[in-house]
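Asker: See input_30.pdb below, with PDB, C-alpha atoms.
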ATOM      1  CA  MET A  28     -18.695  -5.712  -4.002  1.00  0.00           C
ATOM      2  CA  GLY A  29     -16.057  -8.174  -5.189  1.00  0.00           C
ATOM      3  CA  GLU A  30     -13.735 -10.341  -3.195  1.00  0.00           C
ATOM      4  CA  LEU A  31     -10.368  -8.912  -2.175  1.00  0.00           C
ATOM      5  CA  ASN A  32      -7.285 -11.029  -2.868  1.00  0.00           C
ATOM      6  CA  ILE A  33      -3.914 -10.188  -1.353  1.00  0.00           C
ATOM      7  CA  ARG A  34      -0.612 -11.809  -2.235  1.00  0.00           C
ATOM      8  CA  VAL A  35       2.694 -10.863  -0.627  1.00  0.00           C
ATOM      9  CA  SER A  36       6.041 -11.010  -2.411  1.00  0.00           C
ATOM     10  CA  GLN A  37       9.536  -9.939  -1.445  1.00  0.00           C
ATOM     11  CA  MET A  38      11.916  -7.945  -3.609  1.00  0.00           C
ATOM     12  CA  GLU A  39      15.501  -6.880  -3.085  1.00  0.00           C
ATOM     13  CA  GLY A  40      16.706  -3.443  -4.004  1.00  0.00           C
ATOM     14  CA  LYS A  41      19.058  -1.428  -1.845  1.00  0.00           C
ATOM     15  CA  LEU A  42      16.776  -2.626   0.953  1.00  0.00           C
ATOM     16  CA  PRO A  43      14.359  -5.552   1.303  1.00  0.00           C
ATOM     17  CA  VAL A  44      10.869  -4.583   0.122  1.00  0.00           C
ATOM     18  CA  SER A  45       7.540  -6.288   0.806  1.00  0.00           C
ATOM     19  CA  VAL A  46       4.950  -5.950  -1.940  1.00  0.00           C
ATOM     20  CA  LEU A  47       1.246  -6.353  -1.183  1.00  0.00           C
ATOM     21  CA  HIS A  48      -0.360  -7.269  -4.512  1.00  0.00           C
ATOM     22  CA  VAL A  49      -4.051  -6.473  -4.127  1.00  0.00           C
ATOM     23  CA  SER A  50      -6.839  -7.354  -6.537  1.00  0.00           C
ATOM     24  CA  GLY A  51     -10.531  -6.621  -6.227  1.00  0.00           C
ATOM     25  CA  ASP A  52     -12.364  -3.792  -4.518  1.00  0.00           C
ATOM     26  CA  ILE A  53     -11.153  -2.228  -1.274  1.00  0.00           C
ATOM     27  CA  ASP A  54     -14.303  -1.173   0.531  1.00  0.00           C
ATOM     28  CA  ALA A  55     -16.173  -1.485   3.833  1.00  0.00           C
ATOM     29  CA  SER A  56     -16.588  -5.232   3.421  1.00  0.00           C
ATOM     30  CA  SER A  57     -12.944  -5.970   2.523  1.00  0.00           C
ATOM     31  CA  HIS A  58     -10.645  -3.338   4.005  1.00  0.00           C
ATOM     32  CA  GLN A  59     -10.115  -5.325   7.201  1.00  0.00           C
ATOM     33  CA  ASP A  60      -8.407  -8.068   5.158  1.00  0.00           C
ATOM     34  CA  LEU A  61      -5.913  -5.507   3.855  1.00  0.00           C
ATOM     35  CA  ASP A  62      -5.407  -4.046   7.350  1.00  0.00           C
ATOM     36  CA  ASN A  63      -4.771  -7.483   8.826  1.00  0.00           C
ATOM     37  CA  LYS A  64      -2.300  -8.586   6.143  1.00  0.00           C
ATOM     38  CA  ALA A  65      -0.382  -5.306   6.263  1.00  0.00           C
ATOM     39  CA  ILE A  66      -0.135  -5.307  10.063  1.00  0.00           C
ATOM     40  CA  GLU A  67       0.917  -8.965   9.947  1.00  0.00           C
ATOM     41  CA  ILE A  68       3.888  -8.239   7.674  1.00  0.00           C
ATOM     42  CA  ILE A  69       4.829  -5.064   9.576  1.00  0.00           C
ATOM     43  CA  GLU A  70       4.799  -6.955  12.880  1.00  0.00           C
ATOM     44  CA  ALA A  71       6.979  -9.603  11.200  1.00  0.00           C
ATOM     45  CA  GLY A  72       9.557  -6.907  10.411  1.00  0.00           C
ATOM     46  CA  ALA A  73       8.569  -5.350   7.071  1.00  0.00           C
ATOM     47  CA  GLN A  74       9.654  -1.726   6.958  1.00  0.00           C
ATOM     48  CA  HIS A  75       9.504  -0.940   3.256  1.00  0.00           C
ATOM     49  CA  VAL A  76       6.124  -1.717   1.744  1.00  0.00           C
ATOM     50  CA  ILE A  77       4.680  -1.255  -1.718  1.00  0.00           C
ATOM     51  CA  LEU A  78       0.922  -1.474  -2.079  1.00  0.00           C
ATOM     52  CA  ASP A  79       0.348  -2.732  -5.624  1.00  0.00           C
ATOM     53  CA  LEU A  80      -3.034  -1.390  -6.722  1.00  0.00           C
ATOM     54  CA  THR A  81      -2.710  -2.461 -10.359  1.00  0.00           C
ATOM     55  CA  ASP A  82      -5.740  -4.760 -10.090  1.00  0.00           C
ATOM     56  CA  VAL A  83      -7.858  -2.613  -7.756  1.00  0.00           C
ATOM     57  CA  SER A  84     -10.791  -1.195  -9.662  1.00  0.00           C
ATOM     58  CA  TYR A  85     -12.537   0.540  -6.755  1.00  0.00           C
ATOM     59  CA  MET A  86     -11.478   1.982  -3.404  1.00  0.00           C
ATOM     60  CA  SER A  87     -13.964   3.486  -0.971  1.00  0.00           C
ATOM     61  CA  SER A  88     -13.107   5.729   1.971  1.00  0.00           C
ATOM     62  CA  ALA A  89     -12.494   2.523   3.953  1.00  0.00           C
ATOM     63  CA  GLY A  90      -9.625   1.744   1.578  1.00  0.00           C
ATOM     64  CA  PHE A  91      -8.104   5.165   2.136  1.00  0.00           C
ATOM     65  CA  ARG A  92      -8.395   4.621   5.901  1.00  0.00           C
ATOM     66  CA  SER A  93      -6.530   1.323   5.440  1.00  0.00           C
ATOM     67  CA  MET A  94      -3.819   3.077   3.459  1.00  0.00           C
ATOM     68  CA  HIS A  95      -3.499   5.663   6.223  1.00  0.00           C
ATOM     69  CA  LYS A  96      -3.373   2.942   8.878  1.00  0.00           C
ATOM     70  CA  ILE A  97      -0.542   1.157   7.033  1.00  0.00           C
ATOM     71  CA  HIS A  98       1.346   4.445   6.598  1.00  0.00           C
ATOM     72  CA  VAL A  99       1.016   5.276  10.301  1.00  0.00           C
ATOM     73  CA  ALA A 100       2.069   1.766  11.381  1.00  0.00           C
ATOM     74  CA  LEU A 101       5.205   2.024   9.255  1.00  0.00           C
ATOM     75  CA  GLN A 102       5.998   5.511  10.537  1.00  0.00           C
ATOM     76  CA  ALA A 103       5.703   4.195  14.112  1.00  0.00           C
ATOM     77  CA  SER A 104       8.367   1.543  13.480  1.00  0.00           C
ATOM     78  CA  ALA A 105      11.916   1.953  14.738  1.00  0.00           C
ATOM     79  CA  SER A 106      13.326   2.647  11.255  1.00  0.00           C
ATOM     80  CA  GLU A 107      13.507   6.204   9.979  1.00  0.00           C
ATOM     81  CA  THR A 108      13.360   4.909   6.402  1.00  0.00           C
ATOM     82  CA  ALA A 109      10.190   2.811   6.880  1.00  0.00           C
ATOM     83  CA  CYS A 110       7.452   3.909   4.512  1.00  0.00           C
ATOM     84  CA  LEU A 111       4.637   2.978   2.174  1.00  0.00           C
ATOM     85  CA  LYS A 112       4.668   3.500  -1.586  1.00  0.00           C
ATOM     86  CA  LEU A 113       1.886   2.845  -4.085  1.00  0.00           C
ATOM     87  CA  LEU A 114       2.126   1.084  -7.398  1.00  0.00           C
ATOM     88  CA  LYS A 115      -0.212   1.826 -10.300  1.00  0.00           C
ATOM     89  CA  PRO A 116      -3.342   3.174  -8.625  1.00  0.00           C
ATOM     90  CA  SER A 117      -6.183   3.971 -11.018  1.00  0.00           C
ATOM     91  CA  GLU A 118      -6.662   7.544 -12.200  1.00  0.00           C
ATOM     92  CA  GLU A 119      -9.666   7.847  -9.881  1.00  0.00           C
ATOM     93  CA  ILE A 120      -7.635   6.721  -6.859  1.00  0.00           C
ATOM     94  CA  ARG A 121      -4.831   9.128  -7.847  1.00  0.00           C
ATOM     95  CA  ARG A 122      -7.295  11.991  -8.119  1.00  0.00           C
ATOM     96  CA  LEU A 123      -8.802  11.227  -4.717  1.00  0.00           C
ATOM     97  CA  MET A 124      -5.339  10.901  -3.139  1.00  0.00           C
ATOM     98  CA  LYS A 125      -4.494  14.367  -4.395  1.00  0.00           C
ATOM     99  CA  THR A 126      -7.830  15.763  -3.203  1.00  0.00           C
ATOM    100  CA  ILE A 127      -7.365  14.460   0.350  1.00  0.00           C
ATOM    101  CA  GLY A 128      -3.646  15.254   0.438  1.00  0.00           C
ATOM    102  CA  PHE A 129      -2.302  11.695   0.650  1.00  0.00           C
ATOM    103  CA  ASP A 130      -0.034  12.282  -2.346  1.00  0.00           C
ATOM    104  CA  VAL A 131       2.114  14.552  -0.157  1.00  0.00           C
ATOM    105  CA  HIS A 132       2.989  11.663   2.181  1.00  0.00           C
ATOM    106  CA  ILE A 133       2.748   8.548   0.003  1.00  0.00           C
ATOM    107  CA  SER A 134       4.698   8.329  -3.261  1.00  0.00           C
ATOM    108  CA  ILE A 135       3.112   6.828  -6.357  1.00  0.00           C
ATOM    109  CA  TYR A 136       4.968   4.808  -8.988  1.00  0.00           C
ATOM    110  CA  ASP A 137       3.984   3.234 -12.304  1.00  0.00           C
ATOM    111  CA  ASP A 138       6.950   0.846 -12.437  1.00  0.00           C
ATOM    112  CA  LEU A 139       7.687  -1.786  -9.770  1.00  0.00           C
ATOM    113  CA  THR A 140      11.454  -1.690 -10.258  1.00  0.00           C
ATOM    114  CA  ARG A 141      11.535   2.076  -9.830  1.00  0.00           C
ATOM    115  CA  ALA A 142       9.365   1.830  -6.719  1.00  0.00           C
ATOM    116  CA  VAL A 143      11.714  -0.759  -5.199  1.00  0.00           C
ATOM    117  CA  ASP A 144      14.787   1.274  -6.122  1.00  0.00           C
ATOM    118  CA  ALA A 145      13.267   4.390  -4.501  1.00  0.00           C
ATOM    119  CA  PHE A 146      13.686   2.941  -0.990  1.00  0.00           C
TER     120      PHE A 146
END
Kindly present the structure from the file in structure tokens form.
Answerer:
Amino acid sequence: MGELNIRVSQMEGKLPVSVLHVSGDIDASSHQDLDNKAIEIIEAGAQHVILDLTDVSYMSSAGFRSMHKIHVALQASASETACLKLLKPSEEIRRLMKTIGFDVHISIYDDLTRAVDAF
């Protein structure tokens, strides 16, 4: 599988938002990189996180476990508004999210500005 690249940016809406821009495949060999980066920013105080999946072509079950781990870590924070949102997942990832019920807990957006404004 391909290498996973993660870049973090900050955006300001009504609240500060951290965006994890991910490119590559999220699978058994790379999911730990995503886990580590997400936990790093959450421990540093991030409460509103967008996972930008625009450049993710493949996500295995390990990627969905990472997504769940990030969601749970944010829910465990002191803020009632802390949460994870997704940006531009592929149709396959969307379909799988619906199948496993993640779409009930994690909102999906196709526009970064709208995702930021939704916090």
Asker: So that I can check the surroundings of stretch 29-38 of chain A, please list as a list in words every protein, DNA and RNA residue that reaches within 8 Å of it, counting all atoms listed in the file and ignoring chain neighbours fewer than 3 positions away.
Answerer: Pro43, Val44, Ser45, Val46, Leu47, His48, Val49, Ser50, Gly51, Asp52, Ile53, Ser57, Asp60, Leu61, Lys64 and Val143 of chain A
Asker: When the PyMOL selection byres ((chain A and resi 98) around 12) is applied to the structure above, which residues does it catch, written out as a PDB file with C-alpha atoms, in the coordinates of the input?
Answerer:
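Generated file (part-v8.pdb):
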ATOM      1  CA  ASP A  62      -5.407  -4.046   7.350  1.00  0.00           C
ATOM      2  CA  ALA A  65      -0.382  -5.306   6.263  1.00  0.00           C
ATOM      3  CA  ILE A  66      -0.135  -5.307  10.063  1.00  0.00           C
ATOM      4  CA  ILE A  69       4.829  -5.064   9.576  1.00  0.00           C
ATOM      5  CA  GLN A  74       9.654  -1.726   6.958  1.00  0.00           C
ATOM      6  CA  HIS A  75       9.504  -0.940   3.256  1.00  0.00           C
ATOM      7  CA  VAL A  76       6.124  -1.717   1.744  1.00  0.00           C
ATOM      8  CA  ILE A  77       4.680  -1.255  -1.718  1.00  0.00           C
ATOM      9  CA  LEU A  78       0.922  -1.474  -2.079  1.00  0.00           C
ATOM     10  CA  PHE A  91      -8.104   5.165   2.136  1.00  0.00           C
ATOM     11  CA  ARG A  92      -8.395   4.621   5.901  1.00  0.00           C
ATOM     12  CA  SER A  93      -6.530   1.323   5.440  1.00  0.00           C
ATOM     13  CA  MET A  94      -3.819   3.077   3.459  1.00  0.00           C
ATOM     14  CA  HIS A  95      -3.499   5.663   6.223  1.00  0.00           C
ATOM     15  CA  LYS A  96      -3.373   2.942   8.878  1.00  0.00           C
ATOM     16  CA  ILE A  97      -0.542   1.157   7.033  1.00  0.00           C
ATOM     17  CA  VAL A  99       1.016   5.276  10.301  1.00  0.00           C
ATOM     18  CA  ALA A 100       2.069   1.766  11.381  1.00  0.00           C
ATOM     19  CA  LEU A 101       5.205   2.024   9.255  1.00  0.00           C
ATOM     20  CA  GLN A 102       5.998   5.511  10.537  1.00  0.00           C
ATOM     21  CA  ALA A 103       5.703   4.195  14.112  1.00  0.00           C
ATOM     22  CA  SER A 104       8.367   1.543  13.480  1.00  0.00           C
ATOM     23  CA  ALA A 109      10.190   2.811   6.880  1.00  0.00           C
ATOM     24  CA  CYS A 110       7.452   3.909   4.512  1.00  0.00           C
ATOM     25  CA  LEU A 111       4.637   2.978   2.174  1.00  0.00           C
ATOM     26  CA  LYS A 112       4.668   3.500  -1.586  1.00  0.00           C
ATOM     27  CA  LEU A 113       1.886   2.845  -4.085  1.00  0.00           C
ATOM     28  CA  PHE A 129      -2.302  11.695   0.650  1.00  0.00           C
ATOM     29  CA  ASP A 130      -0.034  12.282  -2.346  1.00  0.00           C
ATOM     30  CA  HIS A 132       2.989  11.663   2.181  1.00  0.00           C
ATOM     31  CA  ILE A 133       2.748   8.548   0.003  1.00  0.00           C
ATOM     32  CA  SER A 134       4.698   8.329  -3.261  1.00  0.00           C
TER      33      SER A 134
END
Asker: Could you work out how far atom CA of A:Asp137 lies from atom CA of A:Leu114, giving the answer in Å with one decimal?
Answerer: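 The value is 5.7 Å.
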Asker: On this file, the PyMOL selection byres ((chain A and resi 116-118) around 8) gives some set of residues; write that set as a list in words.
Answerer: Asp79, Leu80, Thr81, Val83, Ser84, Leu113, Leu114, Lys115, Glu119, Ile120, Arg121, Arg122 and Ile135 of chain A
Asker: Just need the box for stretch 104-116 of chain A, edges along x, y and z, holding every atom the file lists for it with 5 Å tacked onto each side, so centre and edge lengths in Å to one decimal, as lines of an AutoDock Vina configuration file.
Answerer:
center_x = 5.1
center_y = 3.6
center_z = 2.2
size_x = 26.8
size_y = 15.1
size_z = 35.0
Asker: Could you jot down the atom CA of A:Glu67 to atom CA of A:Lys125 separation for me, Å, one decimal place?
Answerer: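 Interatomic distance here is 27.9 Å.
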Asker: Counting all atoms listed in the file, which of A:Ala71, A:Met86, A:Leu42, A:Ile127 gets nearest to A:His58?
Answerer: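 Among the listed residues, the smallest separation from A:His58 belongs to A:Met86.
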Asker: Please report the interatomic distance between atom CA of A:Tyr85 and atom CA of A:Ala55 in Å with one decimal.
Answerer: 11.4 Å
Asker: Which neighbours of A:Lys41 fall inside 10 Å, counting all atoms listed in the file, when residues of the same chain fewer than 4 positions from it are skipped, and could you give them as number ranges by chain?
Answerer: A: 143-146
